[in-house]
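Shown next: protein32.cif, containing mmCIF, N, CA and C atoms.
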data_data
loop_
_atom_site.label_atom_id
_atom_site.label_comp_id
_atom_site.auth_asym_id
_atom_site.auth_seq_id
_atom_site.Cartn_x
_atom_site.Cartn_y
_atom_site.Cartn_z
N MET A 1159 -23.59 77.28 -41.10
CA MET A 1159 -23.04 75.95 -41.07
C MET A 1159 -22.46 75.69 -39.68
N ALA A 1160 -22.77 74.53 -39.11
CA ALA A 1160 -22.31 74.19 -37.77
C ALA A 1160 -20.83 73.85 -37.79
N LYS A 1161 -20.17 74.18 -36.70
CA LYS A 1161 -18.74 73.87 -36.64
C LYS A 1161 -18.55 72.37 -36.43
N ILE A 1162 -17.43 71.85 -36.89
CA ILE A 1162 -17.13 70.43 -36.80
C ILE A 1162 -16.81 70.09 -35.35
N TYR A 1163 -17.43 69.03 -34.89
CA TYR A 1163 -17.24 68.61 -33.50
C TYR A 1163 -15.83 68.06 -33.30
N GLN A 1164 -15.14 68.56 -32.29
CA GLN A 1164 -13.82 68.08 -31.91
C GLN A 1164 -13.93 67.50 -30.50
N PRO A 1165 -13.83 66.19 -30.36
CA PRO A 1165 -13.93 65.60 -29.03
C PRO A 1165 -12.74 66.02 -28.17
N PRO A 1166 -12.93 66.07 -26.86
CA PRO A 1166 -11.81 66.43 -25.98
C PRO A 1166 -10.71 65.38 -26.06
N LYS A 1167 -9.47 65.83 -25.99
CA LYS A 1167 -8.33 64.92 -26.09
C LYS A 1167 -7.92 64.47 -24.68
N GLN A 1168 -7.54 63.20 -24.59
CA GLN A 1168 -7.06 62.66 -23.33
C GLN A 1168 -5.53 62.75 -23.31
N SER A 1169 -5.00 63.18 -22.18
CA SER A 1169 -3.54 63.32 -22.08
C SER A 1169 -2.89 61.94 -22.05
N ARG A 1170 -1.58 61.93 -22.32
CA ARG A 1170 -0.84 60.66 -22.28
C ARG A 1170 -0.83 60.10 -20.87
N LEU A 1171 -0.77 60.96 -19.87
CA LEU A 1171 -0.81 60.49 -18.48
C LEU A 1171 -2.17 59.83 -18.21
N GLY A 1172 -3.24 60.41 -18.69
CA GLY A 1172 -4.56 59.82 -18.51
C GLY A 1172 -4.67 58.48 -19.19
N GLN A 1173 -4.11 58.36 -20.40
CA GLN A 1173 -4.12 57.09 -21.11
C GLN A 1173 -3.32 56.03 -20.35
N PHE A 1174 -2.17 56.44 -19.81
CA PHE A 1174 -1.33 55.53 -19.04
C PHE A 1174 -2.07 55.05 -17.79
N ILE A 1175 -2.71 55.98 -17.09
CA ILE A 1175 -3.45 55.61 -15.88
C ILE A 1175 -4.59 54.66 -16.23
N ASP A 1176 -5.29 54.92 -17.33
CA ASP A 1176 -6.36 54.02 -17.76
C ASP A 1176 -5.83 52.62 -18.05
N CYS A 1177 -4.69 52.53 -18.74
CA CYS A 1177 -4.11 51.23 -19.07
C CYS A 1177 -3.70 50.48 -17.81
N VAL A 1178 -3.04 51.16 -16.89
CA VAL A 1178 -2.61 50.52 -15.65
C VAL A 1178 -3.82 50.06 -14.85
N PHE A 1179 -4.86 50.89 -14.80
CA PHE A 1179 -6.07 50.53 -14.09
C PHE A 1179 -6.73 49.29 -14.69
N LEU A 1180 -6.83 49.23 -16.01
CA LEU A 1180 -7.45 48.08 -16.67
C LEU A 1180 -6.62 46.81 -16.47
N ILE A 1181 -5.30 46.93 -16.54
CA ILE A 1181 -4.44 45.77 -16.30
C ILE A 1181 -4.59 45.29 -14.87
N ALA A 1182 -4.68 46.22 -13.91
CA ALA A 1182 -4.85 45.84 -12.51
C ALA A 1182 -6.18 45.13 -12.29
N ILE A 1183 -7.24 45.61 -12.96
CA ILE A 1183 -8.55 44.96 -12.82
C ILE A 1183 -8.50 43.55 -13.39
N VAL A 1184 -7.91 43.39 -14.57
CA VAL A 1184 -7.83 42.06 -15.17
C VAL A 1184 -6.98 41.13 -14.30
N TYR A 1185 -5.84 41.61 -13.85
CA TYR A 1185 -4.97 40.79 -13.01
C TYR A 1185 -5.68 40.42 -11.71
N GLY A 1186 -6.35 41.39 -11.12
CA GLY A 1186 -7.08 41.12 -9.88
C GLY A 1186 -8.20 40.12 -10.07
N SER A 1187 -8.94 40.25 -11.16
CA SER A 1187 -10.05 39.33 -11.39
C SER A 1187 -9.55 37.91 -11.65
N LEU A 1188 -8.35 37.77 -12.16
CA LEU A 1188 -7.80 36.44 -12.38
C LEU A 1188 -7.11 35.87 -11.13
N MET A 1189 -6.54 36.73 -10.31
CA MET A 1189 -5.79 36.26 -9.16
C MET A 1189 -6.63 36.10 -7.89
N LEU A 1190 -7.66 36.92 -7.70
CA LEU A 1190 -8.44 36.85 -6.46
C LEU A 1190 -9.04 35.47 -6.21
N PRO A 1191 -9.62 34.81 -7.21
CA PRO A 1191 -10.13 33.47 -6.93
C PRO A 1191 -9.03 32.50 -6.46
N LEU A 1192 -7.83 32.67 -6.96
CA LEU A 1192 -6.74 31.80 -6.53
C LEU A 1192 -6.28 32.15 -5.11
N LEU A 1193 -6.18 33.45 -4.83
CA LEU A 1193 -5.69 33.86 -3.53
C LEU A 1193 -6.67 33.52 -2.41
N PHE A 1194 -7.95 33.69 -2.67
CA PHE A 1194 -8.96 33.43 -1.64
C PHE A 1194 -9.59 32.05 -1.76
N ASN A 1195 -9.02 31.22 -2.61
CA ASN A 1195 -9.45 29.83 -2.77
C ASN A 1195 -10.94 29.73 -3.07
N PHE A 1196 -11.41 30.53 -4.06
CA PHE A 1196 -12.80 30.49 -4.48
C PHE A 1196 -13.07 29.29 -5.38
N GLY A 1197 -12.05 28.57 -5.73
CA GLY A 1197 -12.22 27.43 -6.64
C GLY A 1197 -12.83 26.25 -5.93
N ASN A 1198 -12.27 25.10 -6.12
CA ASN A 1198 -12.80 23.87 -5.56
C ASN A 1198 -12.84 23.93 -4.04
N GLY A 1199 -11.79 24.46 -3.43
CA GLY A 1199 -11.78 24.61 -1.99
C GLY A 1199 -11.41 23.35 -1.23
N GLU A 1200 -11.50 22.22 -1.85
CA GLU A 1200 -11.18 20.97 -1.19
C GLU A 1200 -9.86 20.44 -1.74
N GLU A 1201 -9.13 19.83 -0.86
CA GLU A 1201 -7.90 19.19 -1.31
C GLU A 1201 -8.25 17.96 -2.12
N THR A 1202 -7.42 17.65 -3.09
CA THR A 1202 -7.68 16.45 -3.87
C THR A 1202 -7.44 15.23 -3.00
N PRO A 1203 -8.25 14.20 -3.16
CA PRO A 1203 -8.07 13.01 -2.33
C PRO A 1203 -6.74 12.34 -2.64
N PRO A 1204 -6.20 11.60 -1.68
CA PRO A 1204 -4.93 10.92 -1.93
C PRO A 1204 -5.08 9.93 -3.07
N PRO A 1205 -4.01 9.72 -3.84
CA PRO A 1205 -4.10 8.78 -4.96
C PRO A 1205 -4.40 7.38 -4.47
N GLU A 1206 -5.01 6.62 -5.35
CA GLU A 1206 -5.35 5.24 -5.00
C GLU A 1206 -4.08 4.44 -4.78
N THR A 1207 -4.23 3.32 -4.18
CA THR A 1207 -3.07 2.48 -3.93
C THR A 1207 -2.45 2.02 -5.24
N ALA A 1208 -1.20 1.66 -5.19
CA ALA A 1208 -0.48 1.24 -6.40
C ALA A 1208 -1.13 0.01 -7.02
N ALA A 1209 -1.66 -0.90 -6.19
CA ALA A 1209 -2.29 -2.12 -6.73
C ALA A 1209 -3.53 -1.76 -7.52
N ALA A 1210 -4.33 -0.82 -7.04
CA ALA A 1210 -5.56 -0.43 -7.74
C ALA A 1210 -5.22 0.27 -9.05
N VAL A 1211 -4.15 1.07 -9.05
CA VAL A 1211 -3.76 1.78 -10.26
C VAL A 1211 -3.24 0.80 -11.30
N GLN A 1212 -2.48 -0.22 -10.86
CA GLN A 1212 -1.94 -1.21 -11.79
C GLN A 1212 -3.04 -2.05 -12.41
N GLU A 1213 -4.15 -2.21 -11.72
CA GLU A 1213 -5.25 -3.03 -12.22
C GLU A 1213 -6.11 -2.27 -13.23
N ALA A 1214 -5.89 -0.99 -13.40
CA ALA A 1214 -6.72 -0.20 -14.33
C ALA A 1214 -6.51 -0.69 -15.75
N THR A 1215 -7.61 -0.92 -16.42
CA THR A 1215 -7.57 -1.31 -17.83
C THR A 1215 -8.43 -0.32 -18.60
N TRP A 1216 -8.26 -0.32 -19.92
CA TRP A 1216 -9.05 0.59 -20.74
C TRP A 1216 -10.53 0.26 -20.61
N GLU A 1217 -10.84 -1.01 -20.51
CA GLU A 1217 -12.24 -1.42 -20.38
C GLU A 1217 -12.83 -0.95 -19.05
N SER A 1218 -12.06 -1.08 -17.96
CA SER A 1218 -12.57 -0.65 -16.65
C SER A 1218 -12.74 0.87 -16.59
N LEU A 1219 -12.03 1.58 -17.46
CA LEU A 1219 -12.16 3.04 -17.51
C LEU A 1219 -13.26 3.48 -18.48
N GLY A 1220 -13.88 2.52 -19.17
CA GLY A 1220 -14.96 2.83 -20.08
C GLY A 1220 -14.49 3.40 -21.41
N GLN A 1221 -13.29 3.02 -21.82
CA GLN A 1221 -12.73 3.54 -23.06
C GLN A 1221 -12.81 2.47 -24.15
N ASN A 1222 -13.26 2.85 -25.34
CA ASN A 1222 -13.32 1.90 -26.45
C ASN A 1222 -11.97 1.90 -27.18
N ALA A 1223 -11.87 1.15 -28.26
CA ALA A 1223 -10.60 0.99 -28.97
C ALA A 1223 -10.10 2.30 -29.56
N VAL A 1224 -11.01 3.09 -30.10
CA VAL A 1224 -10.60 4.37 -30.69
C VAL A 1224 -10.08 5.31 -29.61
N MET A 1225 -10.79 5.38 -28.49
CA MET A 1225 -10.33 6.22 -27.38
C MET A 1225 -8.98 5.75 -26.87
N GLN A 1226 -8.81 4.46 -26.79
CA GLN A 1226 -7.55 3.88 -26.32
C GLN A 1226 -6.40 4.32 -27.23
N GLN A 1227 -6.62 4.27 -28.53
CA GLN A 1227 -5.57 4.69 -29.47
C GLN A 1227 -5.23 6.16 -29.28
N GLN A 1228 -6.23 6.99 -29.06
CA GLN A 1228 -5.97 8.42 -28.88
C GLN A 1228 -5.19 8.68 -27.59
N TRP A 1229 -5.56 7.98 -26.52
CA TRP A 1229 -4.81 8.12 -25.27
C TRP A 1229 -3.35 7.70 -25.46
N GLU A 1230 -3.16 6.61 -26.18
CA GLU A 1230 -1.80 6.11 -26.40
C GLU A 1230 -1.00 7.05 -27.29
N LYS A 1231 -1.65 7.70 -28.26
CA LYS A 1231 -0.96 8.70 -29.09
C LYS A 1231 -0.47 9.87 -28.23
N LEU A 1232 -1.23 10.16 -27.19
CA LEU A 1232 -0.84 11.25 -26.30
C LEU A 1232 0.18 10.81 -25.25
N GLY A 1233 0.50 9.52 -25.24
CA GLY A 1233 1.52 9.02 -24.34
C GLY A 1233 1.00 8.57 -22.99
N PHE A 1234 -0.28 8.25 -22.90
CA PHE A 1234 -0.86 7.81 -21.64
C PHE A 1234 -1.08 6.31 -21.65
N ASP A 1235 -0.85 5.70 -20.49
CA ASP A 1235 -1.20 4.29 -20.31
C ASP A 1235 -2.47 4.27 -19.46
N PRO A 1236 -3.08 3.11 -19.24
CA PRO A 1236 -4.33 3.08 -18.47
C PRO A 1236 -4.21 3.69 -17.07
N ALA A 1237 -3.07 3.51 -16.42
CA ALA A 1237 -2.92 4.03 -15.06
C ALA A 1237 -2.89 5.56 -15.06
N SER A 1238 -2.10 6.16 -15.95
CA SER A 1238 -2.01 7.63 -15.95
C SER A 1238 -3.27 8.26 -16.53
N ALA A 1239 -3.89 7.62 -17.50
CA ALA A 1239 -5.14 8.14 -18.06
C ALA A 1239 -6.27 8.01 -17.06
N GLY A 1240 -6.21 6.96 -16.23
CA GLY A 1240 -7.25 6.75 -15.23
C GLY A 1240 -7.38 7.90 -14.26
N GLU A 1241 -6.26 8.52 -13.92
CA GLU A 1241 -6.28 9.66 -13.01
C GLU A 1241 -7.05 10.83 -13.64
N ILE A 1242 -6.87 11.03 -14.93
CA ILE A 1242 -7.55 12.13 -15.62
C ILE A 1242 -9.02 11.80 -15.84
N ILE A 1243 -9.30 10.58 -16.27
CA ILE A 1243 -10.67 10.18 -16.57
C ILE A 1243 -11.53 10.19 -15.32
N ASN A 1244 -11.00 9.72 -14.21
CA ASN A 1244 -11.79 9.61 -12.98
C ASN A 1244 -11.85 10.90 -12.18
N ASP A 1245 -11.03 11.88 -12.51
CA ASP A 1245 -11.04 13.16 -11.79
C ASP A 1245 -12.12 14.04 -12.41
N ARG A 1246 -13.25 14.14 -11.78
CA ARG A 1246 -14.37 14.91 -12.30
C ARG A 1246 -14.29 16.35 -11.80
N PHE A 1247 -14.78 17.26 -12.63
CA PHE A 1247 -14.81 18.65 -12.24
C PHE A 1247 -15.98 18.90 -11.29
N ASP A 1248 -15.79 19.86 -10.40
CA ASP A 1248 -16.83 20.22 -9.45
C ASP A 1248 -17.47 21.52 -9.93
N TYR A 1249 -18.72 21.46 -10.34
CA TYR A 1249 -19.42 22.62 -10.88
C TYR A 1249 -20.45 23.18 -9.91
N THR A 1250 -20.22 23.03 -8.63
CA THR A 1250 -21.16 23.57 -7.66
C THR A 1250 -21.10 25.08 -7.68
N ILE A 1251 -22.25 25.71 -7.48
CA ILE A 1251 -22.34 27.17 -7.46
C ILE A 1251 -22.66 27.59 -6.03
N GLU A 1252 -21.83 28.45 -5.49
CA GLU A 1252 -22.05 28.95 -4.15
C GLU A 1252 -22.94 30.19 -4.23
N PRO A 1253 -24.06 30.20 -3.51
CA PRO A 1253 -25.00 31.33 -3.60
C PRO A 1253 -24.37 32.68 -3.24
N TRP A 1254 -23.51 32.70 -2.22
CA TRP A 1254 -22.90 33.98 -1.83
C TRP A 1254 -22.00 34.52 -2.93
N SER A 1255 -21.19 33.68 -3.51
CA SER A 1255 -20.30 34.11 -4.59
C SER A 1255 -21.10 34.58 -5.80
N LEU A 1256 -22.17 33.86 -6.11
CA LEU A 1256 -23.03 34.25 -7.22
C LEU A 1256 -23.69 35.60 -6.94
N GLY A 1257 -24.18 35.79 -5.72
CA GLY A 1257 -24.81 37.05 -5.35
C GLY A 1257 -23.86 38.23 -5.40
N ILE A 1258 -22.64 38.02 -4.91
CA ILE A 1258 -21.63 39.09 -4.94
C ILE A 1258 -21.27 39.44 -6.38
N THR A 1259 -21.09 38.41 -7.20
CA THR A 1259 -20.78 38.66 -8.62
C THR A 1259 -21.91 39.41 -9.31
N ALA A 1260 -23.15 38.99 -9.05
CA ALA A 1260 -24.30 39.67 -9.65
C ALA A 1260 -24.38 41.12 -9.19
N ALA A 1261 -24.14 41.37 -7.90
CA ALA A 1261 -24.20 42.74 -7.38
C ALA A 1261 -23.12 43.61 -8.02
N ILE A 1262 -21.93 43.07 -8.19
CA ILE A 1262 -20.85 43.84 -8.82
C ILE A 1262 -21.20 44.15 -10.27
N LEU A 1263 -21.71 43.16 -11.00
CA LEU A 1263 -22.06 43.39 -12.40
C LEU A 1263 -23.20 44.39 -12.54
N ILE A 1264 -24.21 44.29 -11.71
CA ILE A 1264 -25.32 45.24 -11.76
C ILE A 1264 -24.84 46.64 -11.39
N GLY A 1265 -24.00 46.74 -10.35
CA GLY A 1265 -23.44 48.04 -9.97
C GLY A 1265 -22.61 48.65 -11.09
N TYR A 1266 -21.81 47.83 -11.74
CA TYR A 1266 -21.00 48.33 -12.85
C TYR A 1266 -21.89 48.78 -14.00
N PHE A 1267 -22.93 48.03 -14.29
CA PHE A 1267 -23.86 48.39 -15.36
C PHE A 1267 -24.53 49.73 -15.07
N ILE A 1268 -24.98 49.94 -13.84
CA ILE A 1268 -25.59 51.22 -13.46
C ILE A 1268 -24.57 52.34 -13.56
N PHE A 1269 -23.34 52.10 -13.12
CA PHE A 1269 -22.27 53.10 -13.21
C PHE A 1269 -22.03 53.50 -14.66
N VAL A 1270 -21.92 52.52 -15.54
CA VAL A 1270 -21.65 52.80 -16.96
C VAL A 1270 -22.82 53.57 -17.57
N LEU A 1271 -24.04 53.16 -17.28
CA LEU A 1271 -25.20 53.87 -17.83
C LEU A 1271 -25.27 55.30 -17.34
N THR A 1272 -25.00 55.51 -16.07
CA THR A 1272 -25.07 56.86 -15.49
C THR A 1272 -24.04 57.78 -16.15
N PHE A 1273 -22.80 57.34 -16.21
CA PHE A 1273 -21.77 58.19 -16.78
C PHE A 1273 -21.88 58.31 -18.29
N SER A 1274 -22.35 57.25 -18.96
CA SER A 1274 -22.53 57.34 -20.41
C SER A 1274 -23.60 58.35 -20.75
N GLU A 1275 -24.68 58.37 -19.97
CA GLU A 1275 -25.75 59.34 -20.24
C GLU A 1275 -25.23 60.75 -20.01
N LYS A 1276 -24.45 60.93 -18.95
CA LYS A 1276 -23.90 62.26 -18.66
C LYS A 1276 -23.00 62.71 -19.81
N GLU A 1277 -22.10 61.84 -20.27
CA GLU A 1277 -21.20 62.20 -21.37
C GLU A 1277 -21.97 62.38 -22.67
N TYR A 1278 -22.98 61.56 -22.89
CA TYR A 1278 -23.81 61.69 -24.09
C TYR A 1278 -24.49 63.06 -24.11
N ARG A 1279 -25.03 63.48 -22.97
CA ARG A 1279 -25.68 64.80 -22.89
C ARG A 1279 -24.67 65.92 -23.14
N GLU A 1280 -23.45 65.77 -22.62
CA GLU A 1280 -22.42 66.78 -22.85
C GLU A 1280 -22.07 66.91 -24.34
N VAL A 1281 -21.95 65.77 -25.01
CA VAL A 1281 -21.64 65.79 -26.44
C VAL A 1281 -22.78 66.43 -27.23
N ILE A 1282 -24.01 66.08 -26.90
CA ILE A 1282 -25.17 66.68 -27.59
C ILE A 1282 -25.21 68.18 -27.33
N ASP A 1283 -24.94 68.60 -26.09
CA ASP A 1283 -24.94 70.03 -25.78
C ASP A 1283 -23.83 70.76 -26.52
N GLU A 1284 -22.64 70.15 -26.63
CA GLU A 1284 -21.54 70.78 -27.37
C GLU A 1284 -21.88 70.89 -28.85
N ARG A 1285 -22.50 69.87 -29.38
CA ARG A 1285 -22.78 69.82 -30.82
C ARG A 1285 -23.96 70.70 -31.21
N PHE A 1286 -25.03 70.64 -30.44
CA PHE A 1286 -26.27 71.32 -30.83
C PHE A 1286 -26.69 72.44 -29.89
N GLY A 1287 -25.93 72.67 -28.86
CA GLY A 1287 -26.28 73.73 -27.92
C GLY A 1287 -27.15 73.18 -26.80
N LYS A 1288 -27.27 74.00 -25.75
CA LYS A 1288 -28.06 73.59 -24.58
C LYS A 1288 -29.52 73.43 -24.97
N ARG A 1289 -30.15 72.44 -24.36
CA ARG A 1289 -31.56 72.18 -24.61
C ARG A 1289 -32.40 73.18 -23.82
N GLN A 1290 -33.39 73.72 -24.47
CA GLN A 1290 -34.30 74.67 -23.81
C GLN A 1290 -35.36 73.88 -23.07
N ARG A 1291 -35.56 74.22 -21.80
CA ARG A 1291 -36.57 73.51 -21.00
C ARG A 1291 -37.68 74.43 -20.64
#
Translate this structure into structure tokens?
Amino acid sequence: MAKIYQPPKQSRLGQFIDCVFLIAIVYGSLMLPLLFNFGNGEETPPPETAAAVQEATWESLGQNAVMQQQWEKLGFDPASAGEIINDRFDYTIEPWSLGITAAILIGYFIFVLTFSEKEYREVIDERFGKRQR
């Protein structure tokens, strides 16, 4: 009868280091775009003149009666809602940023596959013995 497999135990220090490393990666991935201005990159244009903002109506903003009621429930008037409605998101994709992201993801995928195969072979060898070649 084969002995029951006991996986190697990770020390508490190792677990702590893993947690700190993962938190640093998550924090870095969220903060780097902000620090290096990978977002829109352009300053928002100056607000329209007060006369143009005062002239904003629900109809000029393309809002029907139901939309108007919902905006008003949220506490917006045509002038303040106009800033949100007219501010469009910029979905441009920069080729360099896309290429760098793809290279990092592919590199990480290769890294995971390489080490997973190595660990998988170690577990199989521990469980069933070395493979005869």
Provide the CA of Ser1187 (chain A) to CA of Thr1259 (chain A) distance in Å, to one decimal place.
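Interatomic distance, CA of Ser1187 (chain A) to CA of Thr1259 (chain A): 11.1 Å.
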Evaluate the PyMOL selection byres (((chain A and resi 1216 and name CA) around 9) and name CA) against this structure - the residues, as a PDB file with N, CA and C atoms, keeping the file's coordinate frame, please.
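What follows is the written file result-v9.pdb:
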ATOM      1  N   ALA A1214      -5.890  -0.990 -13.400  1.00  0.00           N
ATOM      2  CA  ALA A1214      -6.720  -0.200 -14.330  1.00  0.00           C
ATOM      3  C   ALA A1214      -6.510  -0.690 -15.750  1.00  0.00           C
ATOM      4  N   THR A1215      -7.610  -0.920 -16.420  1.00  0.00           N
ATOM      5  CA  THR A1215      -7.570  -1.310 -17.830  1.00  0.00           C
ATOM      6  C   THR A1215      -8.430  -0.320 -18.600  1.00  0.00           C
ATOM      7  N   GLU A1217     -10.840  -1.010 -20.510  1.00  0.00           N
ATOM      8  CA  GLU A1217     -12.240  -1.420 -20.380  1.00  0.00           C
ATOM      9  C   GLU A1217     -12.830  -0.950 -19.050  1.00  0.00           C
ATOM     10  N   SER A1218     -12.060  -1.080 -17.960  1.00  0.00           N
ATOM     11  CA  SER A1218     -12.570  -0.650 -16.650  1.00  0.00           C
ATOM     12  C   SER A1218     -12.740   0.870 -16.590  1.00  0.00           C
ATOM     13  N   LEU A1219     -12.030   1.580 -17.460  1.00  0.00           N
ATOM     14  CA  LEU A1219     -12.160   3.040 -17.510  1.00  0.00           C
ATOM     15  C   LEU A1219     -13.260   3.480 -18.480  1.00  0.00           C
ATOM     16  N   GLY A1220     -13.880   2.520 -19.170  1.00  0.00           N
ATOM     17  CA  GLY A1220     -14.960   2.830 -20.080  1.00  0.00           C
ATOM     18  C   GLY A1220     -14.490   3.400 -21.410  1.00  0.00           C
ATOM     19  N   GLN A1221     -13.290   3.020 -21.820  1.00  0.00           N
ATOM     20  CA  GLN A1221     -12.730   3.540 -23.060  1.00  0.00           C
ATOM     21  C   GLN A1221     -12.810   2.470 -24.150  1.00  0.00           C
ATOM     22  N   ASN A1222     -13.260   2.850 -25.340  1.00  0.00           N
ATOM     23  CA  ASN A1222     -13.320   1.900 -26.450  1.00  0.00           C
ATOM     24  C   ASN A1222     -11.970   1.900 -27.180  1.00  0.00           C
ATOM     25  N   ALA A1223     -11.870   1.150 -28.260  1.00  0.00           N
ATOM     26  CA  ALA A1223     -10.600   0.990 -28.970  1.00  0.00           C
ATOM     27  C   ALA A1223     -10.100   2.300 -29.560  1.00  0.00           C
ATOM     28  N   MET A1225     -10.790   5.380 -28.490  1.00  0.00           N
ATOM     29  CA  MET A1225     -10.330   6.220 -27.380  1.00  0.00           C
ATOM     30  C   MET A1225      -8.980   5.750 -26.870  1.00  0.00           C
ATOM     31  N   GLN A1226      -8.810   4.460 -26.790  1.00  0.00           N
ATOM     32  CA  GLN A1226      -7.550   3.880 -26.320  1.00  0.00           C
ATOM     33  C   GLN A1226      -6.400   4.320 -27.230  1.00  0.00           C
ATOM     34  N   ASP A1235      -0.850   5.700 -20.490  1.00  0.00           N
ATOM     35  CA  ASP A1235      -1.200   4.290 -20.310  1.00  0.00           C
ATOM     36  C   ASP A1235      -2.470   4.270 -19.460  1.00  0.00           C
ATOM     37  N   PRO A1236      -3.080   3.110 -19.240  1.00  0.00           N
ATOM     38  CA  PRO A1236      -4.330   3.080 -18.470  1.00  0.00           C
ATOM     39  C   PRO A1236      -4.210   3.690 -17.070  1.00  0.00           C
ATOM     40  N   ALA A1239      -3.890   7.620 -17.500  1.00  0.00           N
ATOM     41  CA  ALA A1239      -5.140   8.140 -18.060  1.00  0.00           C
ATOM     42  C   ALA A1239      -6.270   8.010 -17.060  1.00  0.00           C
ATOM     43  N   GLY A1240      -6.210   6.960 -16.230  1.00  0.00           N
ATOM     44  CA  GLY A1240      -7.250   6.750 -15.230  1.00  0.00           C
ATOM     45  C   GLY A1240      -7.380   7.900 -14.260  1.00  0.00           C
TER      46      GLY A1240
END
Sorted per-residue table, region 1161-1190 of chain A near region 1278-1288 of chain A, closest atoms and distance, 8 Å, only N, CA and C atoms, as JSON lines:
{"residue": "A:Lys1161", "atom": "C", "partner": "A:Arg1285", "partner_atom": "CA", "distance": 7.5}
{"residue": "A:Ile1162", "atom": "C", "partner": "A:Arg1285", "partner_atom": "CA", "distance": 7.5}
{"residue": "A:Tyr1163", "atom": "CA", "partner": "A:Arg1285", "partner_atom": "CA", "distance": 6.3}
{"residue": "A:Gln1164", "atom": "N", "partner": "A:Arg1285", "partner_atom": "CA", "distance": 7.9}
Residues flagged helix (DSSP H, G or I) by DSSP in chain A, as a PyMOL selection string:
chain A and resi 1170-1193+1208-1212+1223-1231+1236-1244+1253-1286
